[in-house]
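Q: Compact mmCIF, C-alpha atoms, file protein28.txt:
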```
# COMPACT_ATOMS: atom_id res chain seq x y z
CA MET Q 824 5.39 15.15 14.99
CA ASN Q 825 8.04 12.46 15.16
CA ILE Q 826 7.89 11.13 11.60
CA ASN Q 827 10.20 10.24 8.75
CA TYR Q 828 9.71 9.99 5.01
CA ALA Q 829 10.59 7.33 2.46
CA ILE Q 830 10.42 7.30 -1.31
CA PRO Q 831 10.90 4.01 -3.14
CA TYR Q 832 13.30 4.61 -6.03
CA GLU Q 833 15.18 2.04 -8.10
CA GLY Q 834 14.68 -0.71 -5.52
CA VAL Q 835 15.81 1.38 -2.55
CA LEU Q 836 13.90 3.37 0.07
CA CYS Q 837 15.30 6.89 0.03
CA ALA Q 838 14.91 8.84 3.27
CA PRO Q 839 16.08 12.24 4.47
CA ARG Q 840 17.48 10.74 7.68
CA LYS Q 841 18.17 7.44 9.41
CA ASP Q 842 15.91 6.52 12.32
CA LEU Q 843 14.06 3.58 13.82
CA PHE Q 844 11.07 4.09 11.50
CA ILE Q 845 13.02 3.84 8.23
CA GLU Q 846 14.90 0.83 9.59
CA LEU Q 847 11.61 -0.91 10.49
CA LEU Q 848 10.09 -0.13 7.09
CA ALA Q 849 13.16 -1.37 5.19
CA LYS Q 850 13.23 -4.56 7.25
CA ALA Q 851 9.48 -5.19 6.84
CA ASP Q 852 9.61 -4.59 3.06
CA HIS Q 853 12.91 -6.49 2.65
CA VAL Q 854 14.52 -3.60 0.76
CA PRO Q 855 17.57 -1.52 1.56
CA TYR Q 856 17.36 2.14 2.44
CA LYS Q 857 19.73 5.02 2.04
CA VAL Q 858 19.80 8.57 3.34
CA VAL Q 859 19.66 11.16 0.57
CA ASP Q 860 19.50 14.95 0.35
CA TYR Q 861 15.79 15.48 -0.27
CA ASP Q 862 16.36 19.03 -1.59
CA GLU Q 863 18.41 17.50 -4.40
CA PHE Q 864 16.48 14.22 -4.70
CA LEU Q 865 13.09 15.91 -5.11
CA LYS Q 866 14.11 18.20 -7.96
CA GLU Q 867 12.43 15.57 -10.18
CA PRO Q 868 8.87 14.45 -9.33
CA LYS Q 869 8.47 11.06 -7.70
CA THR Q 870 5.38 8.82 -7.91
CA LYS Q 871 5.12 7.94 -4.23
CA LEU Q 872 5.91 9.39 -0.81
CA MET Q 873 5.54 7.38 2.38
CA ILE Q 874 5.30 8.84 5.85
CA VAL Q 875 6.54 6.42 8.46
CA CYS Q 876 5.92 6.93 12.17
CA SER Q 877 4.97 5.18 15.38
CA PRO Q 878 1.40 3.85 15.59
CA THR Q 879 0.70 6.42 18.32
CA GLU Q 880 1.47 9.26 15.88
CA MET Q 881 -0.59 7.84 12.99
CA ASN Q 882 -3.90 9.51 13.91
CA LYS Q 883 -2.15 12.91 13.84
CA VAL Q 884 -0.69 12.10 10.41
CA VAL Q 885 -4.10 11.08 9.05
CA GLU Q 886 -5.78 14.22 10.40
CA ARG Q 887 -3.02 16.46 9.06
CA ALA Q 888 -3.18 14.76 5.66
CA LYS Q 889 -6.85 15.72 5.37
CA THR Q 890 -5.81 19.39 5.34
CA PHE Q 891 -3.55 19.14 2.27
CA HIS Q 892 -4.77 20.29 -1.11
CA SER Q 893 -3.02 21.25 -4.33
CA ASP Q 894 -4.47 22.26 -7.67
CA GLN Q 895 -1.05 21.66 -9.23
CA TYR Q 896 -0.40 18.13 -7.96
CA LYS Q 897 -2.97 15.35 -7.78
CA SER Q 898 -2.44 12.45 -5.40
CA ALA Q 899 -4.22 9.66 -3.64
CA SER Q 900 -3.36 9.00 -0.03
CA LEU Q 901 -4.18 6.45 2.62
CA LYS Q 902 -2.93 4.65 5.69
CA THR Q 903 -1.52 1.33 4.54
CA ALA Q 904 -0.15 -0.05 7.83
CA SER Q 905 -0.02 0.94 11.48
CA ILE Q 906 3.23 2.84 10.85
CA LEU Q 907 2.76 3.85 7.20
CA TYR Q 908 0.80 6.57 5.38
CA GLU Q 909 1.28 6.86 1.60
CA TYR Q 910 0.81 9.53 -1.04
CA MET Q 911 0.94 8.35 -4.63
CA ASP Q 912 0.07 9.32 -8.15
CA PRO Q 913 -3.64 8.44 -8.39
CA ARG Q 914 -2.95 6.59 -11.65
CA VAL Q 915 -0.69 4.18 -9.77
CA SER Q 916 -2.70 1.46 -8.06
CA LYS Q 917 -2.85 -2.28 -7.75
CA THR Q 918 -6.13 -2.27 -9.66
CA HIS Q 919 -4.66 -0.30 -12.56
CA GLY Q 920 -1.63 -2.59 -12.78
CA LEU Q 921 -3.78 -5.71 -12.66
CA GLN Q 922 -6.12 -4.29 -15.34
CA GLN Q 923 -3.11 -3.76 -17.61
CA ILE Q 924 -1.88 -7.32 -17.10
CA MET Q 925 -5.34 -8.83 -17.54
CA THR Q 926 -5.86 -6.89 -20.78
CA LEU Q 927 -2.53 -8.14 -22.15
CA HIS Q 928 -3.86 -11.68 -21.77
CA GLY Q 929 -7.34 -10.93 -23.10
CA TRP Q 930 -8.99 -11.29 -19.70
CA THR Q 931 -11.18 -8.97 -17.67
CA MET Q 932 -11.10 -8.16 -13.98
CA ASP Q 933 -14.07 -10.54 -13.60
CA ASN Q 934 -11.57 -13.37 -14.25
CA LEU Q 935 -9.37 -12.29 -11.33
CA LEU Q 936 -9.15 -13.72 -7.82
CA SER Q 937 -7.27 -11.34 -5.53
CA PHE Q 938 -6.17 -11.42 -1.90
CA GLY Q 939 -5.56 -8.38 0.29
CA ASP Q 940 -5.40 -7.16 3.84
CA GLU Q 941 -4.94 -3.40 4.19
CA ASP Q 942 -6.82 -0.34 2.95
CA ASN Q 943 -4.53 -0.10 -0.08
CA ASP Q 944 -6.02 -3.42 -1.24
CA TYR Q 945 -9.64 -2.24 -0.97
CA ASP Q 946 -9.94 -1.05 -4.57
CA MET Q 947 -8.37 -4.27 -5.89
CA ILE Q 948 -10.72 -6.41 -3.78
CA VAL Q 949 -13.78 -4.46 -5.00
CA ASN Q 950 -12.76 -4.62 -8.68
CA SER Q 951 -11.76 -8.31 -8.83
CA GLY Q 952 -14.17 -11.03 -9.85
CA ILE Q 953 -13.55 -12.54 -6.42
CA GLY Q 954 -11.90 -10.50 -3.70
CA VAL Q 955 -10.69 -12.29 -0.58
CA ALA Q 956 -9.54 -10.47 2.55
CA MET Q 957 -7.16 -11.81 5.12
CA ALA Q 958 -8.58 -12.29 8.64
CA ASN Q 959 -6.06 -9.79 10.05
CA GLY Q 960 -7.02 -7.20 7.41
CA SER Q 961 -8.52 -3.77 7.82
CA GLU Q 962 -12.25 -3.55 8.45
CA LYS Q 963 -12.72 -1.54 5.25
CA THR Q 964 -11.15 -4.28 3.11
CA LYS Q 965 -12.86 -7.15 4.96
CA ASN Q 966 -16.25 -5.46 4.52
CA ALA Q 967 -15.69 -5.17 0.75
CA ALA Q 968 -14.50 -8.75 0.28
CA ASP Q 969 -16.48 -11.64 -1.16
CA ALA Q 970 -14.82 -13.93 1.40
CA ILE Q 971 -12.45 -13.80 4.36
CA THR Q 972 -9.71 -16.35 4.91
CA ALA Q 973 -7.13 -16.97 7.65
CA ASP Q 974 -4.37 -14.40 8.08
CA ASN Q 975 -1.12 -14.50 6.13
CA ASN Q 976 0.75 -15.99 9.09
CA HIS Q 977 -1.59 -19.00 9.05
CA ASP Q 978 -1.57 -19.87 5.33
CA GLY Q 979 -4.78 -17.99 4.56
CA ILE Q 980 -4.23 -17.94 0.80
CA ALA Q 981 -3.41 -21.66 0.67
CA GLU Q 982 -6.40 -22.41 2.89
CA TYR Q 983 -8.75 -20.51 0.58
CA LEU Q 984 -7.33 -22.07 -2.59
CA GLU Q 985 -7.55 -25.60 -1.19
CA ALA Q 986 -11.14 -25.11 -0.05
CA ASN Q 987 -12.42 -23.33 -3.14
CA LEU Q 988 -10.30 -24.19 -6.17
CA LEU Q 989 -8.70 -27.60 -5.66
```
Translate the structure of the given file into structure tokens.
A:
Amino acid sequence: MNINYAIPYEGVLCAPRKDLFIELLAKADHVPYKVVDYDEFLKEPKTKLMIVCSPTEMNKVVERAKTFHSDQYKSASLKTASILYEYMDPRVSKTHGLQQIMTLHGWTMDNLLSFGDEDNDYDMIVNSGIGVAMANGSEKTKNAADAITADNNHDGIAEYLEANLL
């Protein structure tokens, strides 16, 4: 398969080689990338690994990912964009981070309004008091949402807030 890997580390995407995929990911995420020796870099565990590939290769990546299993290492994995498949520590999620912040302020997830578009937002949408999906979002996330708003290129968040909160 024609794929590359990226690991976010200290504000940089670290990849084993430079190619079009890592350049596209870095540009889309507005973060720099650098090529590193993965044999050396992975001597210490990392919390996230991203597989980046062309959309035409993604189905092969998803099918191959279903075959992986390890009793030693636990991970959650999912397709998060047409060119991106992610493995991460299952304790690292948007929901978990939001729960921590809400608790610090004495609030519960029922007090939270969240917006999301891709499968990696599904859990956050389900666990928020109100979960709103973007019109261009994944079917899984839109089906879980309490409401759907315009896509992020057409001010969907502002449109929802104006209509429902102002």
Q: Point out the residue among Q:Met957, Q:Asp946, Q:Ala851, Q:Thr964 with the least atom-to-atom distance to Ala981 of chain Q, counting only C-alpha atoms.
A: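 Residue with the minimum atom-to-atom distance to Ala981 of chain Q: Q:Met957.
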Q: What is the distance, in Å and to one decimal place, between atom CA of Tyr945 of chain Q and atom CA of Thr918 of chain Q?
A: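 Atom-to-atom, atom CA of Tyr945 of chain Q and atom CA of Thr918 of chain Q are spaced 9.4 Å apart.
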Q: Considering all atoms listed in the file, can you say which of Q:Ala968, Q:Pro831, Q:Val854, Q:Lys889 comes closest to Lys869 of chain Q?
A: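 The shortest atom-to-atom distance to Lys869 of chain Q comes from Q:Pro831.
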Q: Distance atom CA of Ala849 of chain Q-atom CA of Ile830 of chain Q, one decimal place?
A: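 A separation of 11.2 Å between them.
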Q: Of the residues Q:Ala967, Q:Leu988, Q:Leu921, Q:Leu901, which is the one nearest to Asp942 of chain Q, using only C-alpha atoms?
A: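 Answer, going by the shortest atom-to-atom distance: Q:Leu901.
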Q: Just the number, please: distance in Å from atom CA of Ile874 of chain Q to atom CA of Cys837 of chain Q, one decimal.
A: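 About the pair atom CA of Ile874 of chain Q and atom CA of Cys837 of chain Q: they are 11.7 Å apart.
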Q: Write out as a JSON list (two decimals) with C-alpha atoms, keeping the file's coordinate frame which residues come within 12 Å of Arg914 of chain Q when counting all atoms listed in the file, dropping same-chain ones fewer than 3 positions away.
A:
```json
[["chain", "number", "residue", "atom", "x", "y", "z"],
["Q", 870, "THR", "CA", 5.38, 8.82, -7.91],
["Q", 871, "LYS", "CA", 5.12, 7.94, -4.23],
["Q", 897, "LYS", "CA", -2.97, 15.35, -7.78],
["Q", 898, "SER", "CA", -2.44, 12.45, -5.40],
["Q", 899, "ALA", "CA", -4.22, 9.66, -3.64],
["Q", 900, "SER", "CA", -3.36, 9.00, -0.03],
["Q", 910, "TYR", "CA", 0.81, 9.53, -1.04],
["Q", 911, "MET", "CA", 0.94, 8.35, -4.63],
["Q", 917, "LYS", "CA", -2.85, -2.28, -7.75],
["Q", 918, "THR", "CA", -6.13, -2.27, -9.66],
["Q", 919, "HIS", "CA", -4.66, -0.30, -12.56],
["Q", 920, "GLY", "CA", -1.63, -2.59, -12.78],
["Q", 922, "GLN", "CA", -6.12, -4.29, -15.34],
["Q", 923, "GLN", "CA", -3.11, -3.76, -17.61]]
```
Q: Between Q:Ser937, Q:Tyr828, Q:Val915, Q:Ala904, which is the closest to Ser961 of chain Q once you count only C-alpha atoms?
A: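 Between Q:Ser937, Q:Tyr828, Q:Val915, Q:Ala904, the residue approaching Ser961 of chain Q most closely is Q:Ala904.
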Q: Could you check the closest approach to Asn825 of chain Q for each of Q:Glu909, Q:Glu863, Q:Glu880, Q:Glu846 and tell me which residue wins, using only C-alpha atoms?
A: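 Nearest candidate to Asn825 of chain Q out of Q:Glu909, Q:Glu863, Q:Glu880, Q:Glu846: Q:Glu880.
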Q: When distances are computed from all atoms listed in the file, which of Q:Met947, Q:Phe864, Q:Leu907, Q:Glu941 shows the smallest separation from Val885 of chain Q?
A: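 Using all atoms listed in the file, the shortest distance to Val885 of chain Q belongs to Q:Leu907.
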